[in-house]
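*Asks:* Mind having a look at this structure? Questions to follow.
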Amino acid sequence: MGGQELGITEILVIILYLLITAFLGWLGYRRTSTATDYLLAGRKAHPFIMALSYGATFISTSAIVGFGGVAGLFGMSLLWLTFCNIFVGIFIAFVFLGGPTRRLGHVLDAHTFPELLGRRYDSKAIQVTAGLIIFFFIPLYGAAVLIGGAEFVATQFGINYQLALLVFSVIVAAYVVAGGLKAVMYTDALQGCIMFLGMAVLLVFAYVNIGGITAGHKVLTGLSDLVPANLTAMGHQGFTATPLFGFGDGKYDLWWIVFSTIVLGVGIGVLAQPQLVVRFMTVQSKRELNRAVVTGGIFILFMTGVAFTVGALSNAYFAMHGKELTGKVVNMVDADKGHAVIQLMKQNEAGAWEEVAGKKAPVVISGKVATEAGELVKGRSISIVYASAGLPKPNPDQIIPTYIIAAMPKWFGLVFLLTLLSAAMSTLSSQFHTLGTAMGRDVYQQLTGNHERSVMITRIAIIIGLVIAVILGNYTRGGFIIARATAIFFGLCASAFLPAFICGLFSKRITRAGAMASMIAGFTVTAFWLVFVKAQEAGGIGLVQKVTGGKSSILADYPNWPVVDPLVAALPISFLTLVVVSLMTKKLSKEHVAKCFG
Amino acid sequence: MLGIEDKYVLLAYLLCVGSTVLCVVYGIINWNRGDDS
């Protein structure tokens with residue numbers, strides 16, 4: 001269902017964009033002469049560059065296409081995640097964690113996040129363990145970002161999905177392998193500016209299309225009875241309402257999905273993202289971080305705030321201006337408002353109307369059609385119906401691409417392509433820079449003591465990681481996988497790293513054994529939860545069915561537990577382990593503690 | 001208010017804007033503070 005041709009103009013603009021990106025990457029490469037340049041951009045990044053780089057790395061196609069699509073399905077309650085992104089991901093991170101991280105990283109001469117943890121606790125084992133966790137799991141997050149970009153390109157320009165996936169990854173590999181963090185940050189800044197402009201235009205059009213802010217929200221509120229029945233059963237109360245809250249009944253499932261996985265998992269997980277923590281070590285002083293807060297706050301509001309708002313508002317747009325669907329009324333939901341559920345019908349080659357097997361849709365009735373099959377109605381539906389047209393099962397990841405094709409001017413398709421290309425490339429470049437250094441510097445160099453070959457190992461690791469991400473991206477489409485894969489990685493980082501990281505910045509009493517035990521506990525509980533408890537992931541992995549004789553979760557008989565995020569259990573256990581083991585084990589030497597906090 | 005009846009969603013909407021304003025105000029107030037290089 002290609003929205004527009006990939007013509008000569010589009011190709012020229014994309015080539016121009018890639019040339020400018022390549023030039024900035026080359027500029028970074030030219031100014032990279034030391035390991036500190038390659039790993040930390042020389043520790044002298046400008047606050048504006050640092051903030052845009054942090055924001056552009058944080059926000060990817062995963063946030064715009066993946067979580068935007070989830071907002072199209074679940075509604076505006078996802079704005080709690082935007083609040084967390086700004087308040088926790090920018091304000092708390094920059095004001096309270098950024099300064100101590102920068103200072104500790106500088107004093108200990110740490111160049112990567114695992115190295116920061118390892119040197120803080122004077123432990124190679126901690127550095128290697130953190131490096132291995134990052135190396136093995138960041139490709140999952142990378143796959144989510146790749147899928148987000150490829151879904152849009154495939155939908156907008158009718159290009160083969162696998163080809164789009166491959167092109168994205170090759171472009172990123174080209175400049176990350178060569179350039180190091182300076183190249184990554186220079187290109188991030190350009191990409192951040194493009195993302196900001198693209199999303200600002202999208203926000204204006206989204207509200208203009210539905211009659212303004214208040215009027216648009218009212219239309220959206222009025223669509224609450226068109227929410228699909230399966231979502232209503234999970235507690236969906238409308239696109240401008242919070243899901244039903246409680247515990248112990250299936251009707252509270254949606255609240256736990258939205259608030260435990262999406263809001264908490266990603267909202268808190270951002271604090272322990274290795275590729276973001278490193279950004280704090282690229283500036284010269286706390287003053288640069290204070291200045292970066294301004295750019296960071298505004299940037300994130302225009303990224304996730306716009307994506308989630310537009311995702312939800314797309315329902316109002318389609319209900320007002322979407323293509324008319326025809327069908328037979330099977331349930332009149334509200335006769336006064338003309339809201340009904342219809343069995344979709346289409347005309348066959350002979351002109352006779354026949355049912356589209358298994359396809360029902362909630363609609364706002366706009367007219368009637370007299371046919372030989374009786375009286376049919378015409379009506380407009382909500383986003384997920386249009387986004388899933390022609391697909392075997394609903395795919396929320398298609399909501400934003402479908403909305404862009406339907407609601408935005410044709411020229412915006414190209415602007416949005418550059419926005420998503422920028423969002424994907426800025427995040428992927430940092431992800432794979434982090435993955436490469438985790439293997440090259442944190443694992444290989446620590447285990448072998450060989451400094452000479454670590455850059456080569458870093459580059460080989462980046463290519464291996466990208467290949468894994470492309471394979472994952474090819475086999476895991478659908479079922480809002482973009483948001484789920486992102487939440488898994490963010491949650492894993494929070495559970496494994498956050499207690500040791502935060503306490504390492506502020507407490508002198510945490511021991512080496514406490515930090516290591518906390519990391520292992522956080523990782524183990526998360527892995528166990530994903531394999532045996534969280535139904536959607538556990539069901540996909542398949543091990544739980546063998547243990548329970550066919551169930552998708554060992555807690556399948558206990559409502560809500562199978563949708564609760566691993567973070568809810570893993571993070572408290574990880575914190576508790578850190579404290580208990582630290583109280584029972586040998587403290588770090590006074591000299592080392594003085595070096596860290598002196 | 002703003003066409004959103006659910007007070008928690010409205011609160012989230014306003015907090016998004018409020019926390020951005022907080023970031024801007026904090027950054028401006030502390031623009032020249034914190035040189036601990």
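Naming works like this for the structure tokens: A, B, ... for the chains as they're shown, residue 1 at the start of each chain, ligands 1 onward in shown order.
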Report as a list in words all protein, DNA and RNA residues lying within 8 Å of A:Pro228, evaluated on only C-alpha atoms, omitting residues in the same chain fewer than 3 positions from it.

*Replies:*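 My list of contacting residues is Leu231, Thr232 and Pro362 of chain A.
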
*Asks:* Determine, for each residue of chain A having at least one atom at most 8 Å from an atom of chain B, the closest pair of atoms and their separation in Å to one decimal, counting only C-alpha atoms; order by chain and ascending number, as a Markdown table.

*Replies:*
```
| residue | atom | partner | partner_atom | distance |
| --- | --- | --- | --- | --- |
| A:Met76 | CA | B:Val9 | CA | 6.6 |
| A:Ser77 | CA | B:Val9 | CA | 5.5 |
| A:Leu79 | CA | B:Ala12 | CA | 5.7 |
| A:Trp80 | CA | B:Ala12 | CA | 5.3 |
| A:Thr82 | CA | B:Cys16 | CA | 6.3 |
| A:Phe83 | CA | B:Cys16 | CA | 4.7 |
| A:Ile86 | CA | B:Ser19 | CA | 6.4 |
| A:Phe87 | CA | B:Ser19 | CA | 5.8 |
| A:Ile90 | CA | B:Cys23 | CA | 7.9 |
| A:Phe91 | CA | B:Cys23 | CA | 6.1 |
| A:Arg103 | CA | B:Ser37 | CA | 7.9 |
| A:Ile213 | CA | B:Leu2 | CA | 6.8 |
| A:Thr214 | CA | B:Leu2 | CA | 4.6 |
| A:Ala215 | CA | B:Gly3 | CA | 6.6 |
| A:Gly216 | CA | B:Gly3 | CA | 7.6 |
| A:His217 | CA | B:Gly3 | CA | 4.9 |
| A:Lys218 | CA | B:Gly3 | CA | 4.7 |
| A:Thr221 | CA | B:Ile4 | CA | 6.9 |
| A:Thr240 | CA | B:Ile4 | CA | 6.2 |
| A:Ala241 | CA | B:Asp6 | CA | 5.2 |
| A:Thr242 | CA | B:Val9 | CA | 6.3 |
| A:Gln284 | CA | B:Ser37 | CA | 5.6 |
| A:Ser285 | CA | B:Ser37 | CA | 4.4 |
| A:Lys286 | CA | B:Gly34 | CA | 5.0 |
| A:Arg287 | CA | B:Gly34 | CA | 4.4 |
| A:Asn290 | CA | B:Gly27 | CA | 5.1 |
| A:Arg291 | CA | B:Gly27 | CA | 5.1 |
| A:Ala292 | CA | B:Gly27 | CA | 7.3 |
| A:Val293 | CA | B:Gly27 | CA | 5.6 |
| A:Val294 | CA | B:Val24 | CA | 4.4 |
| A:Thr295 | CA | B:Val24 | CA | 7.8 |
| A:Gly296 | CA | B:Cys23 | CA | 8.0 |
| A:Gly297 | CA | B:Thr20 | CA | 5.0 |
| A:Ile298 | CA | B:Thr20 | CA | 5.9 |
| A:Leu301 | CA | B:Thr20 | CA | 6.8 |
| A:Gly305 | CA | B:Cys16 | CA | 7.4 |
```

*Asks:* How would the residues just picked look written out with N, CA, C and O atoms as a compact mmCIF listing (two decimals), in the first residue's frame?

*Replies:*
```txt
# COMPACT_ATOMS: atom_id res chain seq x y z
N MET A 76 -4.26 8.54 25.25
CA MET A 76 -3.36 9.59 25.74
C MET A 76 -2.76 9.32 27.11
O MET A 76 -1.96 10.12 27.60
N SER A 77 -3.12 8.21 27.75
CA SER A 77 -2.51 7.93 29.06
C SER A 77 -1.01 7.69 28.91
O SER A 77 -0.27 7.74 29.89
N LEU A 79 0.91 9.73 27.84
CA LEU A 79 1.59 10.99 28.14
C LEU A 79 2.29 10.94 29.50
O LEU A 79 3.17 11.76 29.77
N TRP A 80 1.91 9.98 30.35
CA TRP A 80 2.66 9.80 31.60
C TRP A 80 4.10 9.40 31.30
O TRP A 80 5.01 9.72 32.05
N THR A 82 5.73 10.46 28.60
CA THR A 82 6.39 11.71 28.19
C THR A 82 6.82 12.51 29.41
O THR A 82 7.93 13.04 29.46
N PHE A 83 5.93 12.58 30.42
CA PHE A 83 6.29 13.28 31.65
C PHE A 83 7.54 12.65 32.28
O PHE A 83 8.47 13.36 32.69
N ILE A 86 10.71 13.51 30.35
CA ILE A 86 11.23 14.86 30.58
C ILE A 86 11.72 15.01 32.02
O ILE A 86 12.85 15.43 32.26
N PHE A 87 10.87 14.63 32.99
CA PHE A 87 11.21 14.88 34.40
C PHE A 87 12.33 13.95 34.89
O PHE A 87 13.27 14.38 35.54
N ILE A 90 15.39 13.74 31.69
CA ILE A 90 16.18 14.97 31.48
C ILE A 90 16.47 15.65 32.82
O ILE A 90 17.63 15.76 33.22
N PHE A 91 15.43 16.08 33.54
CA PHE A 91 15.67 16.91 34.72
C PHE A 91 16.45 16.17 35.81
O PHE A 91 17.52 16.60 36.24
N ARG A 103 31.91 13.81 36.94
CA ARG A 103 33.08 13.99 37.80
C ARG A 103 33.77 12.65 38.09
O ARG A 103 34.98 12.52 37.99
N ILE A 213 -7.14 22.30 19.41
CA ILE A 213 -6.78 21.50 20.59
C ILE A 213 -8.01 21.00 21.34
O ILE A 213 -8.26 19.80 21.44
N THR A 214 -8.82 21.92 21.84
CA THR A 214 -9.98 21.52 22.66
C THR A 214 -11.00 20.74 21.83
O THR A 214 -11.48 19.68 22.26
N ALA A 215 -11.30 21.24 20.63
CA ALA A 215 -12.29 20.56 19.77
C ALA A 215 -11.81 19.16 19.42
O ALA A 215 -12.58 18.19 19.44
N GLY A 216 -10.52 19.03 19.11
CA GLY A 216 -9.96 17.73 18.75
C GLY A 216 -10.03 16.74 19.90
O GLY A 216 -10.39 15.58 19.72
N HIS A 217 -9.68 17.23 21.10
CA HIS A 217 -9.74 16.35 22.27
C HIS A 217 -11.18 15.90 22.55
O HIS A 217 -11.42 14.77 22.97
N LYS A 218 -12.14 16.82 22.30
CA LYS A 218 -13.55 16.47 22.53
C LYS A 218 -14.00 15.37 21.56
O LYS A 218 -14.73 14.45 21.95
N THR A 221 -12.52 12.19 22.82
CA THR A 221 -13.23 11.72 24.01
C THR A 221 -14.54 11.03 23.60
O THR A 221 -14.91 10.01 24.18
N THR A 240 -9.01 9.28 25.67
CA THR A 240 -8.52 10.37 26.54
C THR A 240 -8.73 9.99 28.00
O THR A 240 -8.84 10.86 28.86
N ALA A 241 -8.78 8.69 28.27
CA ALA A 241 -9.01 8.24 29.65
C ALA A 241 -7.93 7.27 30.10
O ALA A 241 -7.31 6.60 29.28
N THR A 242 -7.71 7.23 31.41
CA THR A 242 -6.75 6.28 31.98
C THR A 242 -7.41 4.90 32.03
O THR A 242 -8.60 4.80 32.35
N GLN A 284 32.68 19.19 29.91
CA GLN A 284 33.80 19.60 30.74
C GLN A 284 33.42 19.83 32.20
O GLN A 284 34.21 19.60 33.10
N SER A 285 32.19 20.33 32.43
CA SER A 285 31.81 20.64 33.81
C SER A 285 30.30 20.59 33.98
O SER A 285 29.55 20.44 33.01
N LYS A 286 29.86 20.73 35.24
CA LYS A 286 28.43 20.73 35.56
C LYS A 286 27.72 21.89 34.86
O LYS A 286 26.53 21.82 34.55
N ARG A 287 28.45 22.97 34.61
CA ARG A 287 27.85 24.14 33.96
C ARG A 287 27.28 23.76 32.59
O ARG A 287 26.18 24.19 32.22
N ASN A 290 24.02 22.03 33.09
CA ASN A 290 22.95 22.98 33.42
C ASN A 290 22.39 23.62 32.15
O ASN A 290 21.18 23.79 32.01
N ARG A 291 23.28 23.96 31.24
CA ARG A 291 22.84 24.61 29.99
C ARG A 291 22.13 23.60 29.08
O ARG A 291 21.20 23.96 28.36
N ALA A 292 22.57 22.35 29.13
CA ALA A 292 21.98 21.33 28.25
C ALA A 292 20.55 20.98 28.66
O ALA A 292 19.77 20.50 27.84
N VAL A 293 20.20 21.23 29.94
CA VAL A 293 18.85 20.91 30.42
C VAL A 293 17.78 21.64 29.60
O VAL A 293 16.72 21.09 29.30
N VAL A 294 18.07 22.88 29.21
CA VAL A 294 17.09 23.69 28.46
C VAL A 294 16.77 23.01 27.12
O VAL A 294 15.61 22.74 26.80
N THR A 295 17.81 22.72 26.36
CA THR A 295 17.62 22.08 25.05
C THR A 295 16.98 20.71 25.21
O THR A 295 16.06 20.35 24.48
N GLY A 296 17.47 19.94 26.19
CA GLY A 296 16.99 18.57 26.39
C GLY A 296 15.50 18.52 26.71
O GLY A 296 14.76 17.72 26.12
N GLY A 297 15.04 19.39 27.62
CA GLY A 297 13.63 19.38 28.01
C GLY A 297 12.70 19.70 26.85
O GLY A 297 11.71 19.00 26.60
N ILE A 298 13.04 20.76 26.11
CA ILE A 298 12.20 21.16 24.96
C ILE A 298 12.22 20.07 23.89
O ILE A 298 11.18 19.72 23.33
N LEU A 301 10.01 17.03 24.83
CA LEU A 301 8.58 17.37 24.74
C LEU A 301 8.11 17.28 23.28
O LEU A 301 7.04 16.75 22.99
N GLY A 305 6.22 13.76 23.34
CA GLY A 305 4.95 14.45 23.56
C GLY A 305 4.15 14.52 22.28
O GLY A 305 2.95 14.22 22.25
```

*Asks:* Which polymer residues have any atom within 7 Å of an atom of stretch 484-499 of chain A, counting only C-alpha atoms, with same-chain residues fewer than 3 positions away left out, as an mmCIF file with C-alpha atoms, in the first residue's frame?

*Replies:*
```cif
data_model
loop_
_atom_site.group_PDB
_atom_site.id
_atom_site.type_symbol
_atom_site.label_atom_id
_atom_site.label_comp_id
_atom_site.auth_asym_id
_atom_site.auth_seq_id
_atom_site.Cartn_x
_atom_site.Cartn_y
_atom_site.Cartn_z
ATOM 1 C CA PHE A 137 20.991 -7.449 24.663
ATOM 2 C CA ILE A 138 21.455 -4.102 22.915
ATOM 3 C CA LEU A 140 17.243 -6.364 20.684
ATOM 4 C CA TYR A 141 16.783 -2.597 21.149
ATOM 5 C CA ALA A 144 13.245 -2.301 17.527
ATOM 6 C CA THR A 261 5.838 -1.876 31.144
ATOM 7 C CA ILE A 262 5.582 1.347 29.171
ATOM 8 C CA GLY A 265 9.999 0.300 32.262
ATOM 9 C CA VAL A 266 11.062 3.032 29.871
ATOM 10 C CA ILE A 268 12.967 4.734 34.857
ATOM 11 C CA GLY A 269 15.099 2.568 32.586
ATOM 12 C CA VAL A 270 16.452 5.664 30.863
ATOM 13 C CA ALA A 272 20.762 3.370 33.367
ATOM 14 C CA GLN A 273 21.069 3.391 29.588
ATOM 15 C CA PHE A 480 3.706 -3.871 18.983
ATOM 16 C CA ILE A 481 7.135 -5.525 19.097
ATOM 17 C CA ILE A 502 23.114 5.333 41.590
ATOM 18 C CA CYS A 503 24.477 4.041 44.907
ATOM 19 C CA SER A 518 22.864 -6.692 42.574
ATOM 20 C CA MET A 519 23.714 -6.858 38.860
ATOM 21 C CA ILE A 520 23.368 -10.636 38.780
ATOM 22 C CA GLY A 522 18.575 -7.867 38.532
ATOM 23 C CA PHE A 523 19.576 -9.715 35.372
ATOM 24 C CA THR A 526 14.412 -10.137 34.589
ATOM 25 C CA LEU A 567 11.028 -4.382 36.387
ATOM 26 C CA ALA A 570 13.572 -7.216 39.456
ATOM 27 C CA LEU A 571 14.403 -3.624 40.453
ATOM 28 C CA SER A 574 18.245 -5.804 42.820
ATOM 29 C CA PHE A 575 18.238 -2.836 45.249
#
```

*Asks:* Output as a ChimeraX atom specification all residues of stretch 500-553 of chain A that backbone DSSP marks as alpha helix (DSSP H).

*Replies:* /A:500-506,512-528,535-541,543-548
